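Visitor: model22.txt (compact mmCIF, C-alpha atoms) pasted underneath:
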```txt
# COMPACT_ATOMS: atom_id res chain seq x y z
CA MET G 1 48.56 -5.37 -3.62
CA THR G 2 46.57 -8.62 -3.50
CA GLU G 3 46.42 -8.48 0.29
CA LYS G 4 45.14 -4.91 0.15
CA LYS G 5 42.38 -5.88 -2.30
CA GLU G 6 41.36 -8.79 -0.09
CA GLU G 7 41.22 -6.44 2.90
CA ILE G 8 38.96 -4.01 0.99
CA ASP G 9 36.69 -6.84 -0.20
CA ARG G 10 36.40 -8.15 3.36
CA ALA G 11 35.50 -4.68 4.68
CA VAL G 12 32.80 -4.23 2.02
CA LYS G 13 31.27 -7.63 2.83
CA GLU G 14 31.19 -6.80 6.52
CA LYS G 15 29.54 -3.45 5.79
CA LEU G 16 26.81 -4.98 3.59
CA ALA G 17 26.28 -8.31 5.31
CA PRO G 18 22.79 -8.83 6.79
CA LYS G 19 22.94 -8.31 10.56
CA GLN G 20 20.48 -8.57 13.42
CA PHE G 21 19.34 -4.97 13.15
CA THR G 22 16.13 -3.90 14.83
CA LYS G 23 14.03 -3.07 11.79
CA THR G 24 11.14 -0.68 12.42
CA PRO G 25 8.01 -0.88 10.26
CA ILE G 26 6.56 2.35 8.94
CA ASN G 27 3.57 2.91 11.22
CA GLY G 28 0.17 3.09 9.59
CA THR G 29 1.21 0.87 6.67
CA LYS G 30 1.12 -2.84 5.83
CA PHE G 31 3.84 -3.09 3.17
CA THR G 32 6.86 -0.97 2.25
CA ILE G 33 8.17 -1.26 -1.32
CA LEU G 34 11.36 0.48 -2.51
CA VAL G 35 11.66 1.64 -6.11
CA SER G 36 15.35 1.92 -6.90
CA SER G 37 17.54 2.44 -9.94
CA ALA G 38 21.16 2.60 -8.75
CA LYS G 39 21.71 4.76 -11.86
CA GLY G 40 20.31 8.29 -12.18
CA GLY G 41 18.43 9.53 -15.23
CA VAL G 42 16.53 6.34 -16.04
CA GLY G 43 13.04 7.69 -15.23
CA LYS G 44 12.73 5.97 -11.85
CA SER G 45 10.64 8.68 -10.15
CA THR G 46 8.12 8.76 -12.99
CA VAL G 47 7.92 4.97 -12.88
CA ALA G 48 7.55 4.96 -9.08
CA ILE G 49 4.64 7.37 -9.00
CA ASN G 50 2.83 5.65 -11.86
CA ILE G 51 3.29 2.27 -10.17
CA ALA G 52 1.76 3.79 -7.03
CA PHE G 53 -1.37 4.92 -8.87
CA ALA G 54 -1.50 1.66 -10.81
CA LEU G 55 -1.63 -0.15 -7.46
CA GLN G 56 -4.37 2.25 -6.40
CA ASN G 57 -6.28 1.24 -9.53
CA LEU G 58 -6.03 -2.34 -8.25
CA GLY G 59 -7.82 -1.35 -5.05
CA LEU G 60 -4.94 -0.63 -2.65
CA LYS G 61 -4.59 2.39 -0.35
CA ILE G 62 -1.27 4.01 -1.23
CA GLY G 63 1.32 6.32 0.28
CA ILE G 64 4.37 7.69 -1.54
CA LEU G 65 7.59 8.58 0.28
CA ASP G 66 10.16 10.53 -1.73
CA ALA G 67 13.44 9.47 -0.11
CA ASP G 68 15.69 11.43 -2.48
CA VAL G 69 16.83 14.13 -0.07
CA TYR G 70 19.19 15.83 -2.55
CA GLY G 71 16.84 15.83 -5.55
CA PRO G 72 13.21 15.40 -4.47
CA SER G 73 10.78 14.95 -7.37
CA LEU G 74 7.43 14.43 -5.66
CA PRO G 75 6.41 18.12 -5.33
CA LYS G 76 6.70 18.57 -9.11
CA LEU G 77 5.23 15.18 -10.01
CA MET G 78 2.16 15.92 -7.86
CA ASN G 79 2.08 19.72 -8.35
CA LEU G 80 2.17 20.34 -4.60
CA ASN G 81 3.99 23.11 -2.74
CA GLU G 82 2.31 22.92 0.67
CA LYS G 83 4.14 22.25 3.92
CA PRO G 84 3.15 19.30 6.14
CA LYS G 85 1.35 20.21 9.37
CA SER G 86 2.25 19.07 12.86
CA GLU G 87 -0.20 19.09 15.75
CA ASP G 88 2.35 18.41 18.49
CA GLY G 89 5.57 19.80 16.97
CA LYS G 90 7.04 16.29 16.81
CA ALA G 91 5.18 14.23 14.20
CA MET G 92 4.08 15.43 10.76
CA MET G 93 0.89 14.79 8.83
CA PRO G 94 1.51 13.60 5.26
CA LEU G 95 0.02 15.69 2.50
CA GLU G 96 -2.78 14.09 0.50
CA LYS G 97 -3.88 14.30 -3.12
CA TYR G 98 -6.00 11.97 -5.25
CA ASP G 99 -6.53 9.84 -2.09
CA VAL G 100 -2.78 9.13 -1.87
CA GLN G 101 -0.73 10.21 1.17
CA LEU G 102 2.57 11.93 0.33
CA MET G 103 5.82 12.95 2.03
CA SER G 104 9.01 14.47 0.63
CA MET G 105 11.88 16.62 1.81
CA GLY G 106 10.81 18.86 -1.06
CA PHE G 107 7.71 19.79 0.97
CA LEU G 108 9.89 21.05 3.83
CA VAL G 109 12.35 23.29 1.98
CA ASP G 110 12.19 25.74 -0.90
CA GLU G 111 12.54 23.98 -4.26
CA GLN G 112 15.67 26.00 -5.14
CA THR G 113 17.42 25.39 -1.81
CA PRO G 114 20.43 23.09 -2.26
CA MET G 115 20.68 20.29 0.31
CA ILE G 116 24.36 20.57 1.21
CA TRP G 117 24.27 17.75 3.73
CA ARG G 118 26.71 15.10 4.86
CA GLY G 119 25.68 11.48 5.40
CA PRO G 120 24.54 11.71 9.06
CA MET G 121 22.10 14.51 8.19
CA VAL G 122 20.65 12.45 5.34
CA ILE G 123 20.23 9.47 7.67
CA SER G 124 18.48 11.71 10.21
CA ALA G 125 16.11 13.03 7.53
CA ILE G 126 15.23 9.48 6.40
CA LYS G 127 14.53 8.43 9.98
CA THR G 128 12.27 11.45 10.42
CA MET G 129 10.27 10.62 7.28
CA THR G 130 9.89 6.94 8.22
CA GLN G 131 9.34 7.27 11.97
CA LYS G 132 7.74 10.69 12.53
CA VAL G 133 5.17 10.89 9.74
CA LEU G 134 1.61 9.95 10.70
CA TRP G 135 0.76 7.66 7.80
CA LYS G 136 -2.77 6.39 8.23
CA ASP G 137 -4.40 3.18 7.04
CA ARG G 138 -2.13 2.56 4.04
CA ASP G 139 -1.84 -0.83 2.36
CA VAL G 140 1.43 0.06 0.64
CA ILE G 141 4.06 2.78 0.91
CA ILE G 142 6.00 3.23 -2.34
CA VAL G 143 9.44 4.67 -1.57
CA ASP G 144 11.12 6.57 -4.41
CA MET G 145 14.80 5.93 -3.66
CA PRO G 146 17.70 8.16 -4.75
CA PRO G 147 20.28 6.84 -7.24
CA GLY G 148 23.28 4.94 -5.96
CA THR G 149 23.99 2.50 -3.15
CA GLY G 150 24.79 4.89 -0.31
CA ASP G 151 23.52 6.05 3.07
CA THR G 152 19.82 6.15 2.17
CA GLN G 153 19.82 2.62 0.79
CA LEU G 154 21.70 1.23 3.79
CA THR G 155 19.41 3.05 6.24
CA PHE G 156 16.33 1.46 4.68
CA ALA G 157 17.96 -1.96 4.37
CA GLN G 158 19.23 -2.03 7.94
CA GLU G 159 16.67 -0.06 9.95
CA VAL G 160 13.30 -0.13 8.15
CA LYS G 161 11.11 -3.19 7.69
CA VAL G 162 11.12 -3.41 3.89
CA ASP G 163 8.93 -5.94 2.09
CA GLY G 164 10.65 -5.72 -1.27
CA ALA G 165 12.49 -3.64 -3.84
CA ILE G 166 11.84 -2.96 -7.52
CA ILE G 167 14.76 -1.98 -9.73
CA VAL G 168 14.22 0.30 -12.72
CA SER G 169 16.72 0.68 -15.55
CA THR G 170 17.08 1.49 -19.20
CA PRO G 171 18.50 -1.37 -21.30
CA GLN G 172 21.73 0.59 -21.89
CA ASP G 173 24.92 -1.22 -20.82
CA LEU G 174 26.14 1.82 -18.85
CA ALA G 175 22.99 1.86 -16.71
CA LEU G 176 23.10 -1.90 -16.20
CA LEU G 177 26.56 -1.72 -14.63
CA ASP G 178 25.05 0.18 -11.70
CA VAL G 179 21.94 -2.02 -11.66
CA LYS G 180 24.11 -5.08 -11.07
CA ARG G 181 25.74 -3.31 -8.12
CA GLY G 182 22.28 -2.45 -6.80
CA ILE G 183 21.09 -6.06 -7.09
CA GLN G 184 24.09 -7.28 -5.13
CA MET G 185 23.60 -4.58 -2.49
CA PHE G 186 20.00 -5.63 -1.87
CA ASP G 187 20.94 -9.32 -1.87
CA LYS G 188 23.75 -8.77 0.63
CA THR G 189 21.57 -6.67 2.92
CA GLY G 190 18.71 -9.16 2.84
CA VAL G 191 16.15 -7.07 0.94
CA LYS G 192 13.96 -9.16 -1.35
CA ILE G 193 14.00 -7.97 -4.98
CA LEU G 194 10.48 -8.21 -6.40
CA GLY G 195 11.66 -7.69 -9.97
CA LEU G 196 13.27 -5.50 -12.63
CA ILE G 197 11.57 -3.05 -15.00
CA ASP G 198 12.93 -2.08 -18.42
CA ASN G 199 12.10 1.64 -18.76
CA MET G 200 12.49 3.69 -21.97
CA SER G 201 12.62 0.29 -23.64
CA TYR G 202 11.47 1.58 -27.02
CA PHE G 203 9.92 4.49 -28.85
CA LYS G 204 7.00 3.82 -31.18
CA GLY G 205 7.20 5.92 -34.34
CA ASP G 206 4.22 7.32 -36.25
CA GLU G 207 4.47 4.41 -38.68
CA GLY G 208 4.10 1.92 -35.80
CA LYS G 209 7.72 0.78 -35.75
CA ASP G 210 9.47 0.31 -32.40
CA TYR G 211 12.86 2.02 -32.11
CA LYS G 212 15.19 0.55 -29.47
CA ILE G 213 16.99 3.79 -28.66
CA PHE G 214 18.89 2.57 -25.58
CA GLY G 215 19.52 -0.99 -26.73
CA GLU G 216 17.45 -4.14 -26.43
CA SER G 217 16.69 -6.75 -23.76
CA GLY G 218 19.50 -5.66 -21.43
CA VAL G 219 17.31 -5.51 -18.32
CA GLU G 220 15.61 -8.81 -19.07
CA LYS G 221 19.00 -10.49 -19.56
CA THR G 222 20.25 -9.01 -16.30
CA ALA G 223 17.17 -10.33 -14.48
CA LYS G 224 17.89 -13.82 -15.80
CA GLU G 225 21.59 -13.51 -14.93
CA PHE G 226 20.76 -12.82 -11.28
CA ASN G 227 17.70 -15.10 -11.13
CA LYS G 228 15.25 -12.23 -10.56
CA GLU G 229 11.77 -11.73 -11.98
CA PHE G 230 11.46 -9.50 -15.03
CA LEU G 231 8.36 -7.33 -14.59
CA GLY G 232 8.03 -5.79 -18.05
CA HIS G 233 8.93 -3.19 -20.67
CA LEU G 234 7.84 0.47 -20.58
CA PRO G 235 8.14 2.76 -23.61
CA ILE G 236 9.28 6.33 -24.09
CA HIS G 237 6.01 8.24 -24.50
CA GLN G 238 5.35 11.97 -24.50
CA ASP G 239 2.09 11.53 -22.58
CA LEU G 240 4.10 10.25 -19.61
CA ARG G 241 6.22 13.39 -19.71
CA ILE G 242 3.22 15.71 -20.16
CA SER G 243 1.29 14.15 -17.28
CA ALA G 244 4.36 14.34 -15.03
CA ASP G 245 4.90 18.01 -15.83
CA LYS G 246 1.23 18.71 -15.08
CA GLY G 247 1.43 16.97 -11.72
CA ASP G 248 -1.21 14.36 -12.56
CA PRO G 249 0.39 10.94 -13.21
CA LEU G 250 -0.80 9.13 -16.32
CA THR G 251 -2.05 6.06 -14.44
CA HIS G 252 -4.33 8.41 -12.49
CA SER G 253 -5.37 10.88 -15.18
CA ASP G 254 -5.86 8.27 -17.94
CA PRO G 255 -5.87 4.70 -16.60
CA ASP G 256 -7.07 3.39 -19.98
CA HIS G 257 -4.06 4.81 -21.83
CA GLU G 258 -1.93 2.15 -23.55
CA VAL G 259 1.04 2.98 -21.29
CA SER G 260 -1.13 3.02 -18.14
CA LYS G 261 -2.28 -0.50 -19.00
CA LEU G 262 1.37 -1.61 -19.06
CA PHE G 263 1.90 -0.07 -15.62
CA ILE G 264 -1.23 -1.75 -14.27
CA GLU G 265 -0.06 -5.11 -15.64
CA ILE G 266 3.29 -4.63 -13.86
CA ALA G 267 1.48 -3.50 -10.69
CA GLY G 268 -0.52 -6.73 -10.75
CA LYS G 269 2.71 -8.74 -10.69
CA ILE G 270 4.06 -6.61 -7.86
CA LYS G 271 0.86 -6.99 -5.83
CA ARG G 272 0.94 -10.78 -6.18
CA SER G 273 4.58 -10.91 -5.11
CA PHE G 274 4.12 -9.32 -1.68
CA GLN G 275 0.60 -10.34 -0.69
```
Could you take the file, read its structure, and then write that structure out as C-alpha cells?
Guide:
Amino acid sequence: MTEKKEEIDRAVKEKLAPKQFTKTPINGTKFTILVSSAKGGVGKSTVAINIAFALQNLGLKIGILDADVYGPSLPKLMNLNEKPKSEDGKAMMPLEKYDVQLMSMGFLVDEQTPMIWRGPMVISAIKTMTQKVLWKDRDVIIVDMPPGTGDTQLTFAQEVKVDGAIIVSTPQDLALLDVKRGIQMFDKTGVKILGLIDNMSYFKGDEGKDYKIFGESGVEKTAKEFNKEFLGHLPIHQDLRISADKGDPLTHSDPDHEVSKLFIEIAGKIKRSFQ
C-alpha cells in the first residue's frame, strides 16, 4: 500500500513539475494575469471583471479572457450576446465594450448549449482563444479561470506565458482546502502567485456591524502559511450583484462606490507586483 502511494505521489510530481515547455505569449498584450479560485461558487468571475475595470481606472488598457469553457460568465457580466467576427476565417476579433476587449466561449455558442467536451477539446478551445484572437494593444489580459486544477490550468501553466496568478476564496475552511491545492499547483508549475483575495469576507448590516458569514481571516492565514501576499478583503454587497446582473461592473459604473475603492486598492497592489 505504501509503495502504491509513493508511486502515485511520484506520478503527480512528474505531471506538475515545471518543464522546459515553449510558452507562447498572448499576442497584442504585455502581461497575462490569471484569476483563479480552485473552488467554485466563491465569486471569482465577479471579482475578476471588477479587478479588470479597477486596473482600467489606474490607466491600463485591458482585455478579459473568459477561460471557463463549461460555464462562461462573461456574456452575462458584460450583457453581450454578439459573435466575434473573423476577416480571414482563421483568427477572431475580440468583442469590445467600455474600451475593454473581450473573448469567451459563451460568445461562440448559445447560452443554453451544454459543453459536453472531453479534455482534449477543452485544451483546443483554450489554444484557440489564446493564439487565434487578435488582441490589440493591451497592457493586461485578465483571464477568468474555471474552478479546479485540471486541463485548463495546466494548459495555461505549461503553454502560455503567464505573468502571475491571483487566487480568490471565501474564508470558509471548505473553500480553503481547494485553495491550498491551487497554490501548490501554481508553485509546482512555476506560475508566480501575485496574492490572495478574501471575497465575501463580511456583510455590513444596517446598523454598521460586520457579520463574518463565512468565517474570519481564513484567506489571510492561508496566505501567511504559504508565504504569499494577502491582497485584501472584499464584502458581500448587493450593489456588486446588481451591477453584475445589469452587465455593467461596479468598478466601471460607480468607481467611487465604497466597494469599488476596495477593488482599486487591490488593483494597485496587483499593478505594482507585475510592472
Visitor: Tell me which of G:Leu108, G:Val162, G:Ala125, G:Leu154 sits closest to G:Gly182, counting only C-alpha atoms.
Guide: G:Leu154
Visitor: Please determine the residues with any atom at most 9 Å from (-4.1, 7.7, -4.5) (coordinates as given in the file, with only C-alpha atoms counting) and report them as number ranges by chain.
Guide: G: 52-53, 55-57, 60-64, 96-101, 252
Visitor: Compile the contact shell of stretch 245-250 of chain G as a compact mmCIF listing (two decimals) with C-alpha atoms, in the frame of the given file: residues with an atom at most 8 Å away, counting all atoms listed in the file, same-chain residues fewer than 2 positions apart removed.
Guide:
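The result, written out as out21.txt:
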```txt
# COMPACT_ATOMS: atom_id res chain seq x y z
CA ILE G 49 4.64 7.37 -9.00
CA ASN G 50 2.83 5.65 -11.86
CA PHE G 53 -1.37 4.92 -8.87
CA LYS G 76 6.70 18.57 -9.11
CA LEU G 77 5.23 15.18 -10.01
CA MET G 78 2.16 15.92 -7.86
CA ASN G 79 2.08 19.72 -8.35
CA LEU G 80 2.17 20.34 -4.60
CA ASP G 239 2.09 11.53 -22.58
CA LEU G 240 4.10 10.25 -19.61
CA ARG G 241 6.22 13.39 -19.71
CA ILE G 242 3.22 15.71 -20.16
CA SER G 243 1.29 14.15 -17.28
CA HIS G 252 -4.33 8.41 -12.49
CA SER G 253 -5.37 10.88 -15.18
CA ASP G 254 -5.86 8.27 -17.94
CA PRO G 255 -5.87 4.70 -16.60
CA HIS G 257 -4.06 4.81 -21.83
CA SER G 260 -1.13 3.02 -18.14
```
Visitor: Mind giving me the straight-line distance from atom CA of G:Pro146 to atom CA of G:Gly41 in Å, one decimal?
Guide: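 Between these atoms lies a distance of 10.6 Å.
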Visitor: Hey, can you check how far atom CA of G:Ile266 sits from atom CA of G:Phe203?
Guide: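 Pair atom CA of G:Ile266 / atom CA of G:Phe203 returns 18.8 Å.
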Visitor: Would you work out the distance separating atom CA of G:Lys192 from atom CA of G:Gly40, expressed in Å to one decimal?
Guide: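 Atom CA of G:Gly40 lies 21.5 Å from atom CA of G:Lys192.
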Visitor: Measuring atom to atom with all atoms listed in the file, identify which of G:Leu262, G:Met145, G:Met121, G:Met129 is nearest to G:Leu34.
Guide: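 Result for the nearest residue to G:Leu34: G:Met145.
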Visitor: Need the shell around G:Phe186: protein/DNA/RNA residues with any atom at most 12 Å away, counting all atoms listed in the file. Skip same-chain ones fewer than 3 positions apart. Format as a PyMOL selection string?
Guide: chain G and resi 16-18+34-38+148-150+153-158+162-167+179-183+189-195+226+228
Visitor: Pick the closest to G:Pro235 from G:Pro75, G:Pro25, G:Pro84, G:Gly205: which is it, counting only C-alpha atoms?
Guide: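 Closest to G:Pro235, using only C-alpha atoms: G:Gly205.
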Visitor: Considering all atoms listed in the file, can you say which of G:Val47, G:Asn199, G:Val69, G:Thr29 comes closest to G:Asp139?
Guide: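 Under the stated criterion, the closest residue is G:Thr29.
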Visitor: Pick from G:Lys83, G:Asn227, G:Ile126, G:Ile197: nearest to G:Glu265, with only C-alpha atoms counted?
Guide: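 Going through G:Lys83, G:Asn227, G:Ile126, G:Ile197 one by one, the smallest distance to G:Glu265 is for G:Ile197.
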Visitor: Between G:Asp66, G:Asp88, G:Asp187, G:Asp210, which is the closest to G:Thr130 once you count all atoms listed in the file?
Guide: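 Looking only at the distances to G:Thr130, the closest residue turns out to be G:Asp66.
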